[in-house]
$ cat target12.pdb   # PDB, C-alpha atoms
ATOM      1  CA  MET A 128     210.538  99.697   9.764
ATOM      2  CA  ILE A 129     212.382  99.272  13.065
ATOM      3  CA  ASP A 130     211.090 101.319  16.015
ATOM      4  CA  ALA A 131     214.299 101.031  18.051
ATOM      5  CA  TYR A 132     217.843  99.805  17.485
ATOM      6  CA  ARG A 133     221.384 100.291  18.791
ATOM      7  CA  ALA A 134     223.756 102.775  17.145
ATOM      8  CA  LEU A 135     227.498 103.037  17.702
ATOM      9  CA  ALA A 136     229.911 105.920  17.224
ATOM     10  CA  LEU A 137     232.974 103.711  16.771
ATOM     11  CA  GLN A 138     236.059 105.566  17.972
ATOM     12  CA  LEU A 139     239.106 104.466  15.952
ATOM     13  CA  ALA A 140     242.728 105.542  15.848
ATOM     14  CA  THR A 141     243.357 107.289  12.541
ATOM     15  CA  ARG A 142     246.595 107.374  10.566
ATOM     16  CA  ALA A 143     247.846 109.694   7.842
ATOM     17  CA  VAL A 144     248.683 107.644   4.754
ATOM     18  CA  THR A 145     251.922 107.839   2.778
ATOM     19  CA  SER A 146     250.884 105.229   0.179
ATOM     20  CA  ARG A 147     247.624 103.972  -1.314
ATOM     21  CA  GLU A 148     248.260 100.517   0.088
ATOM     22  CA  GLN A 149     247.663 101.934   3.541
ATOM     23  CA  ILE A 150     244.022 102.647   2.657
ATOM     24  CA  ALA A 151     243.374  98.910   2.374
ATOM     25  CA  GLU A 152     245.122  98.430   5.706
ATOM     26  CA  ALA A 153     242.842 101.057   7.274
ATOM     27  CA  ILE A 154     239.775  99.238   5.939
ATOM     28  CA  GLY A 155     241.117  96.022   7.441
ATOM     29  CA  ARG A 156     241.582  97.641  10.854
ATOM     30  CA  MET A 157     238.089  99.103  10.667
ATOM     31  CA  ALA A 158     236.603  95.741   9.657
ATOM     32  CA  ALA A 159     238.186  94.038  12.678
ATOM     33  CA  GLN A 160     236.821  96.702  15.036
ATOM     34  CA  VAL A 161     233.321  96.488  13.545
ATOM     35  CA  ALA A 162     233.389  92.700  13.919
ATOM     36  CA  GLY A 163     234.376  93.050  17.566
ATOM     37  CA  ALA A 164     231.678  95.645  18.203
ATOM     38  CA  ARG A 165     229.033  93.481  16.547
ATOM     39  CA  ALA A 166     230.046  90.488  18.678
ATOM     40  CA  TRP A 167     230.109  92.548  21.887
ATOM     41  CA  LEU A 168     226.971  94.630  21.396
ATOM     42  CA  GLY A 169     224.876  91.967  19.693
ATOM     43  CA  PRO A 170     222.375  91.827  16.833
ATOM     44  CA  GLU A 171     220.584  95.003  17.990
ATOM     45  CA  LEU A 172     223.563  96.943  16.625
ATOM     46  CA  ARG A 173     222.301  98.214  13.266
ATOM     47  CA  LEU A 174     224.186 101.475  12.662
ATOM     48  CA  VAL A 175     227.929 102.135  12.973
ATOM     49  CA  VAL A 176     229.352 105.616  12.377
ATOM     50  CA  LEU A 177     233.106 105.927  11.746
ATOM     51  CA  PRO A 178     235.386 108.918  12.396
ATOM     52  CA  GLU A 179     236.510 111.429   9.837
ATOM     53  CA  TYR A 180     239.973 110.582   8.392
ATOM     54  CA  PHE A 181     239.704 106.902   9.380
ATOM     55  CA  LEU A 182     240.930 105.938   5.895
ATOM     56  CA  THR A 183     243.623 108.463   5.051
ATOM     57  CA  GLY A 184     244.127 111.358   7.411
ATOM     58  CA  PHE A 185     243.794 114.801   5.817
ATOM     59  CA  PRO A 186     245.769 116.583   3.047
ATOM     60  CA  MET A 187     248.331 118.320   5.231
ATOM     61  CA  GLY A 188     250.693 120.038   2.801
ATOM     62  CA  HIS A 189     249.501 118.086  -0.264
ATOM     63  CA  ASP A 190     248.376 119.967  -3.341
ATOM     64  CA  VAL A 191     245.207 118.838  -5.117
ATOM     65  CA  PRO A 192     246.845 116.554  -7.738
ATOM     66  CA  ALA A 193     249.082 114.898  -5.134
ATOM     67  CA  TRP A 194     246.184 114.226  -2.767
ATOM     68  CA  GLN A 195     244.048 112.870  -5.589
ATOM     69  CA  LYS A 196     246.750 110.350  -6.431
ATOM     70  CA  LEU A 197     247.529 109.404  -2.845
ATOM     71  CA  ALA A 198     244.250 109.332  -1.003
ATOM     72  CA  CYS A 199     241.104 109.985  -3.051
ATOM     73  CA  LEU A 200     238.656 107.177  -3.814
ATOM     74  CA  ALA A 201     236.647 106.742  -6.977
ATOM     75  CA  PRO A 202     232.906 106.745  -6.166
ATOM     76  CA  ASP A 203     232.657 103.238  -7.636
ATOM     77  CA  GLY A 204     236.106 102.133  -6.498
ATOM     78  CA  PRO A 205     237.216  98.920  -4.778
ATOM     79  CA  GLU A 206     237.422 100.622  -1.389
ATOM     80  CA  TYR A 207     233.656 101.087  -1.322
ATOM     81  CA  GLU A 208     233.210  97.459  -2.325
ATOM     82  CA  ALA A 209     235.449  96.394   0.563
ATOM     83  CA  MET A 210     233.513  98.535   3.044
ATOM     84  CA  GLY A 211     230.258  97.212   1.580
ATOM     85  CA  GLU A 212     231.419  93.701   2.387
ATOM     86  CA  VAL A 213     231.844  94.727   6.038
ATOM     87  CA  ALA A 214     228.262  96.004   6.107
ATOM     88  CA  ARG A 215     226.981  92.833   4.391
ATOM     89  CA  ARG A 216     228.879  90.494   6.687
ATOM     90  CA  HIS A 217     227.414  92.020   9.842
ATOM     91  CA  GLY A 218     223.981  93.053   8.550
ATOM     92  CA  LEU A 219     224.281  96.716   9.482
ATOM     93  CA  PHE A 220     224.448 100.234   8.106
ATOM     94  CA  LEU A 221     227.937 101.749   7.944
ATOM     95  CA  SER A 222     228.555 105.494   7.762
ATOM     96  CA  GLY A 223     231.903 107.206   7.245
ATOM     97  CA  ASN A 224     233.819 109.870   5.419
ATOM     98  CA  ALA A 225     236.372 109.845   2.595
ATOM     99  CA  TYR A 226     237.977 112.033  -0.050
ATOM    100  CA  GLU A 227     236.638 111.355  -3.548
ATOM    101  CA  THR A 228     237.429 112.127  -7.149
ATOM    102  CA  ASP A 229     234.629 112.940  -9.572
ATOM    103  CA  PRO A 230     234.825 112.318 -13.346
ATOM    104  CA  HIS A 231     232.733 115.429 -13.983
ATOM    105  CA  PHE A 232     235.280 117.622 -12.165
ATOM    106  CA  PRO A 233     238.610 115.918 -12.926
ATOM    107  CA  GLY A 234     240.837 118.661 -11.503
ATOM    108  CA  LEU A 235     239.202 118.637  -8.074
ATOM    109  CA  TYR A 236     238.262 116.308  -5.255
ATOM    110  CA  PHE A 237     235.452 116.476  -2.705
ATOM    111  CA  GLN A 238     235.167 115.294   0.878
ATOM    112  CA  ALA A 239     232.224 112.922   1.033
ATOM    113  CA  SER A 240     230.211 111.365   3.832
ATOM    114  CA  PHE A 241     228.484 108.116   2.938
ATOM    115  CA  ILE A 242     226.056 105.511   4.222
ATOM    116  CA  ILE A 243     226.294 101.873   3.112
ATOM    117  CA  ASP A 244     223.308  99.608   3.730
ATOM    118  CA  PRO A 245     223.349  95.920   4.781
ATOM    119  CA  SER A 246     223.314  94.817   1.131
ATOM    120  CA  GLY A 247     226.631  96.612   0.639
ATOM    121  CA  GLU A 248     225.187  99.420  -1.492
ATOM    122  CA  VAL A 249     226.011 103.099  -0.996
ATOM    123  CA  VAL A 250     222.548 104.537  -0.318
ATOM    124  CA  LEU A 251     223.687 108.069   0.532
ATOM    125  CA  ARG A 252     226.596 110.218  -0.588
ATOM    126  CA  TYR A 253     226.870 113.749   0.785
ATOM    127  CA  ARG A 254     229.638 116.063  -0.477
ATOM    128  CA  ARG A 255     230.764 118.524   2.185
ATOM    129  CA  LEU A 256     229.626 122.109   1.483
ATOM    130  CA  HIS A 257     231.776 123.989   4.025
ATOM    131  CA  SER A 258     235.524 123.388   3.997
ATOM    132  CA  MET A 259     238.446 125.659   4.736
ATOM    133  CA  PHE A 260     241.076 124.038   2.506
ATOM    134  CA  SER A 261     239.230 121.650   0.161
ATOM    135  CA  PRO A 262     236.985 122.263  -2.863
ATOM    136  CA  THR A 263     233.240 121.877  -2.365
ATOM    137  CA  PRO A 264     230.261 121.531  -4.721
ATOM    138  CA  TYR A 265     229.496 125.216  -4.085
ATOM    139  CA  ASP A 266     232.772 126.121  -5.800
ATOM    140  CA  VAL A 267     231.374 124.639  -9.044
ATOM    141  CA  TRP A 268     227.751 125.176  -8.105
ATOM    142  CA  ASP A 269     226.022 125.681 -11.433
ATOM    143  CA  ALA A 270     227.789 122.755 -13.084
ATOM    144  CA  TYR A 271     227.296 120.539 -10.026
ATOM    145  CA  LEU A 272     223.539 121.157  -9.988
ATOM    146  CA  GLU A 273     223.353 120.487 -13.714
ATOM    147  CA  VAL A 274     225.008 117.087 -13.218
ATOM    148  CA  TYR A 275     223.467 115.940  -9.924
ATOM    149  CA  GLY A 276     220.513 118.174  -9.049
ATOM    150  CA  VAL A 277     219.721 119.671  -5.659
ATOM    151  CA  GLU A 278     218.465 116.347  -4.249
ATOM    152  CA  ALA A 279     222.038 115.073  -4.262
ATOM    153  CA  VAL A 280     223.252 118.182  -2.439
ATOM    154  CA  PHE A 281     221.026 117.594   0.613
ATOM    155  CA  PRO A 282     220.471 113.824   0.572
ATOM    156  CA  VAL A 283     218.345 111.972   3.122
ATOM    157  CA  ALA A 284     218.126 108.174   2.924
ATOM    158  CA  ARG A 285     214.771 106.586   3.810
ATOM    159  CA  THR A 286     215.722 103.262   5.363
ATOM    160  CA  GLU A 287     214.432 100.652   7.782
ATOM    161  CA  LEU A 288     216.367 102.605  10.447
ATOM    162  CA  GLY A 289     214.441 105.773   9.700
ATOM    163  CA  ALA A 290     215.519 108.812   7.707
ATOM    164  CA  LEU A 291     219.326 109.014   7.839
ATOM    165  CA  ALA A 292     221.533 111.952   6.871
ATOM    166  CA  CYS A 293     225.214 112.855   7.170
ATOM    167  CA  VAL A 294     226.998 115.917   8.515
ATOM    168  CA  ALA A 295     230.763 116.240   8.068
ATOM    169  CA  SER A 296     232.984 117.369  10.926
ATOM    170  CA  GLU A 297     232.846 121.149  11.459
ATOM    171  CA  GLU A 298     229.592 121.392   9.507
ATOM    172  CA  ILE A 299     227.757 120.606  12.740
ATOM    173  CA  LEU A 300     228.509 124.273  13.513
ATOM    174  CA  TYR A 301     226.297 125.421  10.622
ATOM    175  CA  PRO A 302     222.645 125.345  11.717
ATOM    176  CA  GLU A 303     221.354 126.050   8.210
ATOM    177  CA  LEU A 304     222.763 122.819   6.816
ATOM    178  CA  VAL A 305     221.293 120.591   9.524
ATOM    179  CA  ARG A 306     217.990 122.454   9.343
ATOM    180  CA  ALA A 307     217.838 121.812   5.588
ATOM    181  CA  LEU A 308     218.342 118.089   6.191
ATOM    182  CA  ALA A 309     215.707 118.096   8.944
ATOM    183  CA  LEU A 310     213.241 119.873   6.669
ATOM    184  CA  ARG A 311     213.797 116.988   4.269
ATOM    185  CA  GLY A 312     212.861 114.575   7.049
ATOM    186  CA  ALA A 313     216.181 113.552   8.611
ATOM    187  CA  GLU A 314     215.748 111.783  11.961
ATOM    188  CA  VAL A 315     219.284 110.509  12.626
ATOM    189  CA  LEU A 316     222.410 112.551  11.840
ATOM    190  CA  CYS A 317     225.594 110.554  11.236
ATOM    191  CA  HIS A 318     228.459 112.838  12.215
ATOM    192  CA  SER A 319     231.971 111.741  11.241
ATOM    193  CA  THR A 320     234.450 114.091  12.877
ATOM    194  CA  SER A 321     238.047 114.533  13.974
ATOM    195  CA  GLU A 322     238.132 117.199  16.634
ATOM    196  CA  VAL A 323     239.502 118.426  19.923
ATOM    197  CA  SER A 324     238.040 116.643  22.920
ATOM    198  CA  ALA A 325     238.103 118.167  26.397
ATOM    199  CA  PRO A 326     236.512 117.663  29.840
ATOM    200  CA  THR A 327     234.641 120.921  29.283
ATOM    201  CA  LEU A 328     232.155 121.521  26.474
ATOM    202  CA  THR A 329     233.841 122.202  23.146
ATOM    203  CA  PRO A 330     232.184 124.253  20.374
ATOM    204  CA  LYS A 331     231.246 121.137  18.407
ATOM    205  CA  ALA A 332     229.870 119.401  21.501
ATOM    206  CA  VAL A 333     227.661 122.436  22.149
ATOM    207  CA  ALA A 334     226.610 122.444  18.493
ATOM    208  CA  ARG A 335     225.638 118.759  18.523
ATOM    209  CA  ARG A 336     223.267 119.332  21.410
ATOM    210  CA  ALA A 337     221.851 122.439  19.770
ATOM    211  CA  ARG A 338     221.314 120.746  16.390
ATOM    212  CA  ALA A 339     219.646 117.758  18.091
ATOM    213  CA  LEU A 340     217.274 119.974  20.084
ATOM    214  CA  GLU A 341     216.522 122.428  17.274
ATOM    215  CA  ASN A 342     215.546 119.669  14.871
ATOM    216  CA  LEU A 343     214.325 116.912  17.222
ATOM    217  CA  ALA A 344     216.888 114.502  15.811
ATOM    218  CA  TYR A 345     219.429 111.993  17.092
ATOM    219  CA  VAL A 346     223.135 112.721  16.530
ATOM    220  CA  VAL A 347     225.609 109.834  16.375
ATOM    221  CA  SER A 348     229.056 111.449  16.408
ATOM    222  CA  ALA A 349     232.267 109.424  15.941
ATOM    223  CA  ASN A 350     235.566 111.149  16.756
ATOM    224  CA  SER A 351     239.126 109.935  16.283
ATOM    225  CA  GLY A 352     240.828 107.856  18.930
ATOM    226  CA  GLY A 353     244.079 109.679  18.195
ATOM    227  CA  LEU A 354     245.613 110.838  14.906
ATOM    228  CA  ASP A 355     249.045 109.491  13.950
ATOM    229  CA  GLY A 356     251.486 110.369  11.209
ATOM    230  CA  ILE A 357     251.379 114.166  11.402
ATOM    231  CA  PRO A 358     253.507 116.663  13.372
ATOM    232  CA  ILE A 359     250.729 117.358  15.875
ATOM    233  CA  SER A 360     250.306 115.558  19.207
ATOM    234  CA  ARG A 361     248.240 112.436  18.442
ATOM    235  CA  ASP A 362     245.847 112.929  21.343
ATOM    236  CA  SER A 363     244.808 116.401  20.229
ATOM    237  CA  THR A 364     241.909 114.638  18.486
ATOM    238  CA  ASN A 365     241.111 111.792  20.830
ATOM    239  CA  GLY A 366     237.875 110.886  22.577
ATOM    240  CA  GLY A 367     234.439 112.328  23.073
ATOM    241  CA  SER A 368     232.507 110.249  20.555
ATOM    242  CA  GLU A 369     228.899 110.434  21.638
ATOM    243  CA  VAL A 370     225.256 109.723  21.010
ATOM    244  CA  VAL A 371     222.891 112.642  21.657
ATOM    245  CA  ASP A 372     219.133 112.265  21.677
ATOM    246  CA  PHE A 373     216.445 114.584  20.329
ATOM    247  CA  GLU A 374     216.151 116.399  23.668
ATOM    248  CA  ALA A 375     219.908 117.154  23.697
ATOM    249  CA  ARG A 376     220.647 114.479  26.294
ATOM    250  CA  GLN A 377     223.997 112.730  26.056
ATOM    251  CA  LEU A 378     223.091 109.040  25.980
ATOM    252  CA  ALA A 379     226.671 107.735  25.792
ATOM    253  CA  VAL A 380     230.168 109.189  25.523
ATOM    254  CA  ALA A 381     233.598 107.625  25.016
ATOM    255  CA  GLY A 382     236.823 108.490  26.789
ATOM    256  CA  PRO A 383     240.148 108.538  24.935
ATOM    257  CA  GLY A 384     241.473 105.695  22.781
ATOM    258  CA  GLU A 385     239.805 103.177  20.523
ATOM    259  CA  SER A 386     236.402 102.509  22.017
ATOM    260  CA  LEU A 387     232.902 101.137  21.475
ATOM    261  CA  VAL A 388     231.544 102.863  24.583
ATOM    262  CA  ALA A 389     229.633 105.517  22.615
ATOM    263  CA  SER A 390     226.703 103.214  21.911
ATOM    264  CA  ALA A 391     223.031 103.681  22.725
ATOM    265  CA  GLU A 392     219.532 102.717  21.687
ATOM    266  CA  LEU A 393     217.784 105.063  19.279
ATOM    267  CA  ASP A 394     214.038 105.057  19.978
ATOM    268  CA  LEU A 395     212.452 106.234  16.733
ATOM    269  CA  ALA A 396     208.944 105.703  18.039
ATOM    270  CA  ALA A 397     209.598 108.165  20.865
ATOM    271  CA  LEU A 398     211.166 110.667  18.474
ATOM    272  CA  ARG A 399     208.157 110.482  16.140
ATOM    273  CA  ARG A 400     205.688 110.858  19.004
ATOM    274  CA  THR A 401     207.576 113.984  20.103
ATOM    275  CA  ARG A 402     207.560 115.419  16.593
ATOM    276  CA  ALA A 403     203.814 114.766  16.334
ATOM    277  CA  ARG A 404     202.932 116.417  19.659
ATOM    278  CA  PRO A 405     201.878 120.129  19.686
ATOM    279  CA  ALA A 406     204.156 121.915  22.174
ATOM    280  CA  MET A 407     206.356 124.969  22.603
ATOM    281  CA  THR A 408     209.315 122.608  22.502
ATOM    282  CA  ASN A 409     208.307 121.179  19.117
ATOM    283  CA  LEU A 410     210.573 123.628  17.322
ATOM    284  CA  PRO A 411     210.432 121.975  13.872
ATOM    285  CA  ALA A 412     206.645 122.421  13.854
ATOM    286  CA  ARG A 413     207.019 126.140  14.555
ATOM    287  CA  LEU A 414     209.489 127.067  11.806
ATOM    288  CA  LYS A 415     208.988 129.962   9.403
ATOM    289  CA  PRO A 416     211.478 129.293   6.588
ATOM    290  CA  ALA A 417     209.859 131.776   4.212
ATOM    291  CA  LEU A 418     210.378 134.519   6.797
ATOM    292  CA  TRP A 419     214.145 134.181   6.460
ATOM    293  CA  ALA A 420     214.495 133.181   2.822
ATOM    294  CA  GLN A 421     214.345 136.701   1.393
ATOM    295  CA  GLU A 422     216.709 138.160   4.006
ATOM    296  CA  TYR A 423     219.239 135.366   3.586
ATOM    297  CA  GLY A 424     219.048 135.806  -0.182
ATOM    298  CA  ARG A 425     220.046 139.471   0.077
ATOM    299  CA  HIS A 426     223.439 138.667   1.613
ATOM    300  CA  GLU A 427     226.425 137.227  -0.158
ATOM    301  CA  VAL A 428     229.446 136.102   1.838
ATOM    302  CA  GLU A 429     231.252 133.263   0.072
ATOM    303  CA  PRO A 430     230.086 133.395  -3.561
ATOM    304  CA  PRO A 431     229.391 130.263  -5.609
ATOM    305  CA  ASN A 432     231.240 129.081  -8.723
ATOM    306  CA  ALA A 433     234.681 130.300  -7.612
ATOM    307  CA  LEU A 434     236.352 127.324  -9.336
ATOM    308  CA  LEU A 435     234.012 126.993 -12.286
ATOM    309  CA  ASP A 436     236.749 128.187 -14.639
ATOM    310  CA  GLY A 437     238.623 124.936 -14.118
ATOM    311  CA  GLN A 438     241.480 126.266 -12.024
ATOM    312  CA  VAL A 439     243.103 123.909  -9.529
ATOM    313  CA  PRO A 440     243.453 125.756  -6.217
ATOM    314  CA  ASP A 441     246.434 125.571  -3.911
ATOM    315  CA  ARG A 442     246.212 126.078  -0.142
ATOM    316  CA  ALA A 443     247.049 129.772  -0.472
ATOM    317  CA  TRP A 444     244.040 130.278  -2.740
ATOM    318  CA  PHE A 445     241.635 129.275   0.047
ATOM    319  CA  VAL A 446     243.342 131.651   2.484
ATOM    320  CA  ARG A 447     243.199 134.550   0.014
ATOM    321  CA  ARG A 448     239.510 133.959  -0.590
ATOM    322  CA  GLN A 449     238.715 134.178   3.107
ATOM    323  CA  GLN A 450     240.905 137.263   3.536
ATOM    324  CA  GLU A 451     238.995 138.986   0.734
ATOM    325  CA  ILE A 452     235.642 138.069   2.287
ATOM    326  CA  ILE A 453     236.715 139.392   5.683
ATOM    327  CA  ALA A 454     238.008 142.613   4.129
ATOM    328  CA  SER A 455     234.695 143.158   2.328
ATOM    329  CA  ARG A 456     232.802 142.824   5.606
ATOM    330  CA  THR A 457     234.896 144.973   7.923
ATOM    331  CA  PRO A 458     233.175 146.380  11.025
ATOM    332  CA  GLY A 459     231.474 149.709  10.519
ATOM    333  CA  THR A 460     230.470 149.053   6.915
ATOM    334  CA  PRO A 461     227.216 147.546   5.656
ATOM    335  CA  SER A 462     227.292 143.811   4.935
ATOM    336  CA  SER A 463     227.617 142.875   1.306
ATOM    337  CA  HIS A 464     224.116 142.203   0.021
ATOM    338  CA  ARG A 465     221.909 142.028  -3.022
ATOM    339  CA  GLU A 466     218.620 143.813  -3.428
ATOM    340  CA  PRO A 467     215.608 141.464  -3.404
TER     341      PRO A 467
END

$ encode --input "target12.pdb" --output "structure tokens"
Amino acid sequence: MIDAYRALALQLATRAVTSREQIAEAIGRMAAQVAGARAWLGPELRLVVLPEYFLTGFPMGHDVPAWQKLACLAPDGPEYEAMGEVARRHGLFLSGNAYETDPHFPGLYFQASFIIDPSGEVVLRYRRLHSMFSPTPYDVWDAYLEVYGVEAVFPVARTELGALACVASEEILYPELVRALALRGAEVLCHSTSEVSAPTLTPKAVARRARALENLAYVVSANSGGLDGIPISRDSTNGGSEVVDFEARQLAVAGPGESLVASAELDLAALRRTRARPAMTNLPARLKPALWAQEYGRHEVEPPNALLDGQVPDRAWFVRRQQEIIASRTPGTPSSHREP
């Protein structure tokens, strides 16, 4: 085990693809930037987190079959082998985010965060559970659990760098997800994101500090250094990659553009001493999960298994679902719930 090491939220320009060949080009650009970061920051660099969309951009206007064909990776595909070679070459852990197909659910795709270890193996794959316009495992919940089990839903990788977990983009806004990972032992949260950056605190920046403090965990958050190829100003998602420590302190933050500035030492020994010390501020040691389990279980907002019948959703389907949920929970009426 390593008590301390350097982590990097590598801020890269991201580009929307129009052909599959461009995915290989994106891996090549990433590989060159990782090589430069490794040379600049030295052998203490052991963890690199990449932005969301660094491979493909997002499915803006693409239906599910079209996006599968254009941009989705197979879980055992050559793209993962190519990224594994980058991790092997530089002796580090590499975390990122991609869209994936799944042979068990051939009509769908999932957005997946991953961690590749220095041997080139994928040691963690987390499929995003909250998404506005993409399918998630919760949409095929019963079948997904039958295939993969709950351990694959909330994965935590025990590594020489400590217990690593992934959070995808806007999911940093959901405290329940990060708390579940922390309860499973997560010490370092790899956060691949593509988000608005601003001189003032944004919602996700606030959430990163809150999740770090609530769970006594490090957050390594890599944002885009601009997003090209879509009809939105490229610098709308540019800058603000950061490393936040377990006391919600911002250890490093990047300005706009491609950057390796968001790099800092993660002191696992200090984190573990803090987690082991009785104190009012040791929030993870003062949790009462059973207190909330029954109350949470009474309420149903977005139901599971909405796509279990095999339908392939279009963008309008996701909008209709949210409209129906909002309508069922209008102000002045009791929240939808189940009796215990």

$ closest_residue --input "target12.pdb" --among "A:Leu316, A:Ser258, A:Ala417, A:Pro326" --to "A:Glu298" --atoms "only C-alpha atoms"
A:Ser258

$ residues_around --input "target12.pdb" --residues "A:Glu385" --least-positions-apart "2" --cutoff "12 Å" --atoms "all atoms listed in the file" --output "count of residues only"
33

$ atom_distance --input "target12.pdb" --atom1 "atom CA of A:Val175" --atom2 "atom CA of A:Thr327"
25.8 Å

$ resolve_selection --input "target12.pdb" --expression "the PyMOL selection byres ((chain A and resi 344) around 8)" --output "PDB file with C-alpha atoms, in the coordinates of the input"
ATOM      1  CA  ALA A 309     215.707 118.096   8.944  1.00  0.00           C
ATOM      2  CA  ALA A 313     216.181 113.552   8.611  1.00  0.00           C
ATOM      3  CA  GLU A 314     215.748 111.783  11.961  1.00  0.00           C
ATOM      4  CA  VAL A 315     219.284 110.509  12.626  1.00  0.00           C
ATOM      5  CA  LEU A 316     222.410 112.551  11.840  1.00  0.00           C
ATOM      6  CA  ARG A 338     221.314 120.746  16.390  1.00  0.00           C
ATOM      7  CA  ALA A 339     219.646 117.758  18.091  1.00  0.00           C
ATOM      8  CA  LEU A 340     217.274 119.974  20.084  1.00  0.00           C
ATOM      9  CA  ASN A 342     215.546 119.669  14.871  1.00  0.00           C
ATOM     10  CA  LEU A 343     214.325 116.912  17.222  1.00  0.00           C
ATOM     11  CA  TYR A 345     219.429 111.993  17.092  1.00  0.00           C
ATOM     12  CA  VAL A 346     223.135 112.721  16.530  1.00  0.00           C
ATOM     13  CA  ASP A 372     219.133 112.265  21.677  1.00  0.00           C
ATOM     14  CA  PHE A 373     216.445 114.584  20.329  1.00  0.00           C
ATOM     15  CA  LEU A 398     211.166 110.667  18.474  1.00  0.00           C
TER      16      LEU A 398
END

$ residues_around --input "target12.pdb" --residues "A:Tyr226" --least-positions-apart "4" --cutoff "6 Å" --atoms "only C-alpha atoms" --output "PyMOL selection string"
chain A and resi 199+237-239

$ atom_distance --input "target12.pdb" --atom1 "atom CA of A:Glu206" --atom2 "atom CA of A:Leu182"
9.7 Å

$ atom_distance --input "target12.pdb" --atom1 "atom CA of A:Ile150" --atom2 "atom CA of A:Leu197"
9.4 Å

$ closest_residue --input "target12.pdb" --among "A:Arg252, A:Lys415, A:His217, A:Arg399" --to "A:Arg306" --atoms "only C-alpha atoms"
A:Lys415

$ closest_atom_pairs --input "target12.pdb" --of "stretch 154-262 of chain A" --to "stretch 422-443 of chain A" --cutoff "10 Å" --atoms "only C-alpha atoms" --output "JSON lines"
{"residue": "A:Met187", "atom": "CA", "partner": "A:Arg442", "partner_atom": "CA", "distance": 9.7}
{"residue": "A:Gly188", "atom": "CA", "partner": "A:Arg442", "partner_atom": "CA", "distance": 8.1}
{"residue": "A:His189", "atom": "CA", "partner": "A:Arg442", "partner_atom": "CA", "distance": 8.6}
{"residue": "A:Asp190", "atom": "CA", "partner": "A:Asp441", "partner_atom": "CA", "distance": 6.0}
{"residue": "A:Val191", "atom": "CA", "partner": "A:Asp441", "partner_atom": "CA", "distance": 6.9}
{"residue": "A:Pro192", "atom": "CA", "partner": "A:Val439", "partner_atom": "CA", "distance": 8.4}
{"residue": "A:Phe232", "atom": "CA", "partner": "A:Gly437", "partner_atom": "CA", "distance": 8.3}
{"residue": "A:Pro233", "atom": "CA", "partner": "A:Gly437", "partner_atom": "CA", "distance": 9.1}
{"residue": "A:Gly234", "atom": "CA", "partner": "A:Val439", "partner_atom": "CA", "distance": 6.0}
{"residue": "A:Leu235", "atom": "CA", "partner": "A:Val439", "partner_atom": "CA", "distance": 6.7}
{"residue": "A:Tyr236", "atom": "CA", "partner": "A:Val439", "partner_atom": "CA", "distance": 10.0}
{"residue": "A:Met259", "atom": "CA", "partner": "A:Arg442", "partner_atom": "CA", "distance": 9.2}
{"residue": "A:Phe260", "atom": "CA", "partner": "A:Arg442", "partner_atom": "CA", "distance": 6.1}
{"residue": "A:Ser261", "atom": "CA", "partner": "A:Arg442", "partner_atom": "CA", "distance": 8.3}
{"residue": "A:Pro262", "atom": "CA", "partner": "A:Pro440", "partner_atom": "CA", "distance": 8.1}

$ resolve_selection --input "target12.pdb" --expression "the PyMOL selection byres ((chain A and resi 218) around 8)" --output "list of chain:residue names"
A:Arg173, A:Ala214, A:Arg215, A:Arg216, A:His217, A:Leu219, A:Phe220, A:Pro245, A:Ser246

$ decode --input "target12.pdb" --residues "stretch 141-150 of chain A" --atoms "N, CA and C atoms" --output "compact mmCIF listing (two decimals), in the first residue's frame"
# COMPACT_ATOMS: atom_id res chain seq x y z
N THR A 141 -12.29 18.32 -25.54
CA THR A 141 -13.10 17.19 -25.99
C THR A 141 -13.78 17.54 -27.30
N ARG A 142 -13.99 16.52 -28.13
CA ARG A 142 -14.53 16.74 -29.47
C ARG A 142 -15.64 15.73 -29.76
N ALA A 143 -16.75 16.22 -30.29
CA ALA A 143 -17.84 15.34 -30.69
C ALA A 143 -17.42 14.57 -31.94
N VAL A 144 -17.59 13.27 -31.93
CA VAL A 144 -17.16 12.46 -33.07
C VAL A 144 -18.24 12.42 -34.15
N THR A 145 -17.79 12.26 -35.38
CA THR A 145 -18.70 12.02 -36.52
C THR A 145 -18.37 10.71 -37.20
N SER A 146 -17.30 10.02 -36.73
CA SER A 146 -16.94 8.70 -37.25
C SER A 146 -16.22 7.94 -36.15
N ARG A 147 -16.24 6.61 -36.24
CA ARG A 147 -15.59 5.80 -35.21
C ARG A 147 -14.08 5.97 -35.22
N GLU A 148 -13.52 6.30 -36.38
CA GLU A 148 -12.08 6.50 -36.46
C GLU A 148 -11.61 7.61 -35.52
N GLN A 149 -12.49 8.54 -35.24
CA GLN A 149 -12.11 9.66 -34.38
C GLN A 149 -11.92 9.24 -32.93
N ILE A 150 -12.49 8.09 -32.54
CA ILE A 150 -12.27 7.60 -31.18
C ILE A 150 -10.80 7.24 -30.99
